[in-house]
Amino acid sequence: MTTVSVFGGMGFLGRRLARRLVTEGATVRVAVRHPERARSSLGAANLDQVAVFGADVRDAASVAAAVAGVDAVVNAVSAYVERDGVTFAGVHEQGAATVAREAAAAGVARLVLVSGIGADPESQSPYIRVRGRGELEVRRAFPGATIVRPGAMFGPGDALFGTLADLARLLPVLPLIGGGGTRLQPVYVEDVAEAIARILADPGTAGRTYELAGPVVYTLRELVEITLRLIGRWRLLVPVPFAVAEVQARLFELLPSPPLTTGQVDLLKSDNVASGALPGFRELNIQPKAVEEVVPTYIGRSRATESD
């Protein structure tokens, strides 16, 4: 039986991956910064058999403890906001390197790093740049690591359609960041979890980089319009320059759960679509679900009480 340690195992992707691996018979550890919170959540989800390790990717000793004796490690830790001592570089570059080094030192057979489409060590965006540099650091420390680059992920509780729907219910006007022309290829989070599970089960995927994108490319405006149709609302859509959106995002980041972050604004400055030059779902024999198949199951008129 395979033992897998999932860093960020209570995050949007991580908790789905943990559940899928348990279903397939793996022994799963989740390595998180807040272990008591994780134990409570796992108990509520009937996943008491998942072991919880208190670990911070910026702390080598805690990482070493979480990877000791496992067969595989998945690093699904992500940070979209820099605050409380958490920085993009600390998590996505130094943190990713620490997990890779400790996994290699422990003799772990497989390592998967969850990065993102568009990761680029030369990018002008601090967020995109550190994700690219993190990939390089992981390759240096663990040459056989598999890198997974998902597009913008959607599913219940997401920061994409869920946030758009919440904003549309609150505001009479919706901003279109950068004019709304940015192209995105959203991917269902459960499909990404399935892809990682298949990658772990196939030794031939070691050392490769996969781009995981949904079957359809949309503009940001189209995604907003889809959301509005689903919740039965009409809203005025107003183009907002990136510079203005960055100022708004910095103010939002003062909130406990910001609806927009500077990292997300950076991601919208260029198209977020698969390059087509790397393997993806097809090579893993997965047919990814489209937005129209999944989003109506969790975003819809039922949550709307107003008549507008």
# chains A, B, ... in the order shown; residues from 1 in each chain; ligands from 1
call {"tool": "residues_around", "arguments": {"residues": "A:Phe281", "least_positions_apart": "4", "cutoff": "12 Å", "atoms": "only C-alpha atoms", "output": "PDB file with C-alpha atoms, in the first residue's frame"}}
result
ATOM      1  CA  VAL A 148       1.632  19.839 -12.714  1.00  0.00           C
ATOM      2  CA  ARG A 149       0.436  23.180 -14.085  1.00  0.00           C
ATOM      3  CA  PRO A 150      -3.336  23.550 -13.748  1.00  0.00           C
ATOM      4  CA  VAL A 187     -10.246  23.285 -15.214  1.00  0.00           C
ATOM      5  CA  TYR A 188     -12.428  21.243 -12.854  1.00  0.00           C
ATOM      6  CA  ASP A 191     -10.126  16.397 -12.802  1.00  0.00           C
ATOM      7  CA  VAL A 192      -6.845  17.824 -11.525  1.00  0.00           C
ATOM      8  CA  ALA A 193      -7.013  15.560  -8.461  1.00  0.00           C
ATOM      9  CA  GLU A 194      -7.667  12.565 -10.707  1.00  0.00           C
ATOM     10  CA  ALA A 195      -4.708  13.519 -12.905  1.00  0.00           C
ATOM     11  CA  ILE A 196      -2.343  13.684  -9.926  1.00  0.00           C
ATOM     12  CA  ARG A 198      -2.849   8.784 -12.085  1.00  0.00           C
ATOM     13  CA  ILE A 199       0.549  10.451 -12.227  1.00  0.00           C
ATOM     14  CA  THR A 209       5.640  18.581 -16.775  1.00  0.00           C
ATOM     15  CA  TYR A 210       1.884  18.454 -17.412  1.00  0.00           C
ATOM     16  CA  GLU A 211      -0.427  21.313 -18.347  1.00  0.00           C
ATOM     17  CA  LEU A 212      -3.927  20.599 -17.072  1.00  0.00           C
ATOM     18  CA  ALA A 213      -6.507  22.823 -18.720  1.00  0.00           C
ATOM     19  CA  GLY A 214     -10.212  22.497 -19.372  1.00  0.00           C
ATOM     20  CA  PRO A 215     -11.647  21.703 -22.823  1.00  0.00           C
ATOM     21  CA  ALA A 274      -2.322  25.655 -22.232  1.00  0.00           C
ATOM     22  CA  GLY A 276      -0.115  22.764 -26.340  1.00  0.00           C
ATOM     23  CA  ASN A 285      -6.531   9.263 -20.519  1.00  0.00           C
ATOM     24  CA  ILE A 286      -8.792  11.793 -18.803  1.00  0.00           C
ATOM     25  CA  GLN A 287     -11.600  13.695 -20.520  1.00  0.00           C
ATOM     26  CA  PRO A 288     -11.834  16.946 -18.538  1.00  0.00           C
ATOM     27  CA  LYS A 289     -15.290  18.307 -17.742  1.00  0.00           C
TER      28      LYS A 289
END
call {"tool": "closest_atom_pairs", "arguments": {"of": "stretch 109-158 of chain A", "to": "stretch 290-301 of chain A", "cutoff": "8 Å", "atoms": "only C-alpha atoms", "output": "tab-separated table"}}
result
residue	atom	partner	partner_atom	distance
A:Phe154	CA	A:Val295	CA	7.8
A:Gly155	CA	A:Val295	CA	6.8
A:Pro156	CA	A:Tyr298	CA	6.0
call {"tool": "write_last_selection", "arguments": {"atoms": "N, CA and C atoms", "output": "PDB file, in the first residue's frame"}}
result
ATOM      1  N   PHE A 154     -11.901  25.345 -10.931  1.00  0.00           N
ATOM      2  CA  PHE A 154     -13.255  25.626 -10.464  1.00  0.00           C
ATOM      3  C   PHE A 154     -13.851  24.384  -9.816  1.00  0.00           C
ATOM      4  N   GLY A 155     -14.874  24.621  -9.021  1.00  0.00           N
ATOM      5  CA  GLY A 155     -15.562  23.577  -8.277  1.00  0.00           C
ATOM      6  C   GLY A 155     -16.210  24.225  -7.072  1.00  0.00           C
ATOM      7  N   PRO A 156     -17.063  23.507  -6.339  1.00  0.00           N
ATOM      8  CA  PRO A 156     -17.718  24.093  -5.168  1.00  0.00           C
ATOM      9  C   PRO A 156     -16.714  24.734  -4.210  1.00  0.00           C
TER      10      PRO A 156
END
call {"tool": "residues_around", "arguments": {"residues": "A:Val52", "least_positions_apart": "2", "cutoff": "7 Å", "atoms": "only C-alpha atoms", "output": "list in words"}}
result
Arg29, Val30, Ala31, Pro35, Arg39, Val50 and Gly54 of chain A
call {"tool": "residues_around", "arguments": {"residues": "A:Leu136", "least_positions_apart": "3", "cutoff": "10 Å", "atoms": "only C-alpha atoms", "output": "list of chain:residue names"}}
result
A:Glu93, A:Ala96, A:Ala97, A:Asp120, A:Pro121, A:Val130, A:Arg131, A:Gly132, A:Arg133, A:Arg139, A:Arg140, A:Ala141, A:Phe142, A:Pro143
call {"tool": "select_by_dssp", "arguments": {"residues": "stretch 30-170 of chain A", "states": "strand (DSSP E)", "output": "list in words"}}
result
Val30, Ala31, Val32, Ala51, Val52, Phe53, Gly54, Ala72, Val73, Val74, Asn75, Arg110, Leu111, Val112, Leu113, Val114, Thr146, Ile147, Val148, Arg149, Pro150, Met153 and Phe154 of chain A
call {"tool": "decode", "arguments": {"residues": "stretch 71-87 of chain A", "atoms": "N, CA and C atoms", "output": "PDB file, in the first residue's frame"}}
result
ATOM      1  N   ASP A  71       6.057   7.022   0.479  1.00  0.00           N
ATOM      2  CA  ASP A  71       6.438   6.627  -0.872  1.00  0.00           C
ATOM      3  C   ASP A  71       6.377   7.792  -1.856  1.00  0.00           C
ATOM      4  N   ALA A  72       5.480   8.734  -1.573  1.00  0.00           N
ATOM      5  CA  ALA A  72       5.283   9.848  -2.502  1.00  0.00           C
ATOM      6  C   ALA A  72       4.899  11.105  -1.740  1.00  0.00           C
ATOM      7  N   VAL A  73       5.236  12.246  -2.336  1.00  0.00           N
ATOM      8  CA  VAL A  73       4.907  13.551  -1.757  1.00  0.00           C
ATOM      9  C   VAL A  73       4.265  14.407  -2.837  1.00  0.00           C
ATOM     10  N   VAL A  74       3.187  15.087  -2.465  1.00  0.00           N
ATOM     11  CA  VAL A  74       2.566  16.069  -3.347  1.00  0.00           C
ATOM     12  C   VAL A  74       2.611  17.416  -2.651  1.00  0.00           C
ATOM     13  N   ASN A  75       3.181  18.417  -3.301  1.00  0.00           N
ATOM     14  CA  ASN A  75       3.215  19.772  -2.753  1.00  0.00           C
ATOM     15  C   ASN A  75       2.141  20.596  -3.441  1.00  0.00           C
ATOM     16  N   ALA A  76       1.014  20.765  -2.731  1.00  0.00           N
ATOM     17  CA  ALA A  76      -0.112  21.539  -3.265  1.00  0.00           C
ATOM     18  C   ALA A  76      -0.317  22.819  -2.471  1.00  0.00           C
ATOM     19  N   VAL A  77       0.749  23.284  -1.809  1.00  0.00           N
ATOM     20  CA  VAL A  77       0.649  24.505  -1.017  1.00  0.00           C
ATOM     21  C   VAL A  77       0.605  25.708  -1.950  1.00  0.00           C
ATOM     22  N   SER A  78      -0.262  26.671  -1.626  1.00  0.00           N
ATOM     23  CA  SER A  78      -0.369  27.868  -2.453  1.00  0.00           C
ATOM     24  C   SER A  78      -0.657  29.076  -1.577  1.00  0.00           C
ATOM     25  N   ALA A  79      -0.155  30.223  -2.011  1.00  0.00           N
ATOM     26  CA  ALA A  79      -0.428  31.483  -1.315  1.00  0.00           C
ATOM     27  C   ALA A  79      -0.697  32.558  -2.350  1.00  0.00           C
ATOM     28  N   TYR A  80      -1.855  33.214  -2.247  1.00  0.00           N
ATOM     29  CA  TYR A  80      -2.201  34.295  -3.165  1.00  0.00           C
ATOM     30  C   TYR A  80      -2.028  35.676  -2.526  1.00  0.00           C
ATOM     31  N   VAL A  81      -1.816  35.682  -1.217  1.00  0.00           N
ATOM     32  CA  VAL A  81      -1.690  36.946  -0.500  1.00  0.00           C
ATOM     33  C   VAL A  81      -0.434  36.908   0.359  1.00  0.00           C
ATOM     34  N   GLU A  82       0.324  38.009   0.352  1.00  0.00           N
ATOM     35  CA  GLU A  82       1.505  38.118   1.202  1.00  0.00           C
ATOM     36  C   GLU A  82       1.133  38.884   2.475  1.00  0.00           C
ATOM     37  N   ARG A  83       1.110  38.178   3.600  1.00  0.00           N
ATOM     38  CA  ARG A  83       0.848  38.830   4.878  1.00  0.00           C
ATOM     39  C   ARG A  83       1.185  37.864   6.004  1.00  0.00           C
ATOM     40  N   ASP A  84       1.272  38.421   7.229  1.00  0.00           N
ATOM     41  CA  ASP A  84       1.589  37.626   8.421  1.00  0.00           C
ATOM     42  C   ASP A  84       2.868  36.818   8.245  1.00  0.00           C
ATOM     43  N   GLY A  85       3.845  37.410   7.565  1.00  0.00           N
ATOM     44  CA  GLY A  85       5.125  36.733   7.382  1.00  0.00           C
ATOM     45  C   GLY A  85       5.155  35.733   6.244  1.00  0.00           C
ATOM     46  N   VAL A  86       4.022  35.514   5.586  1.00  0.00           N
ATOM     47  CA  VAL A  86       3.953  34.596   4.450  1.00  0.00           C
ATOM     48  C   VAL A  86       4.200  35.383   3.168  1.00  0.00           C
ATOM     49  N   THR A  87       5.214  34.998   2.416  1.00  0.00           N
ATOM     50  CA  THR A  87       5.526  35.668   1.150  1.00  0.00           C
ATOM     51  C   THR A  87       5.431  34.675   0.002  1.00  0.00           C
TER      52      THR A  87
END
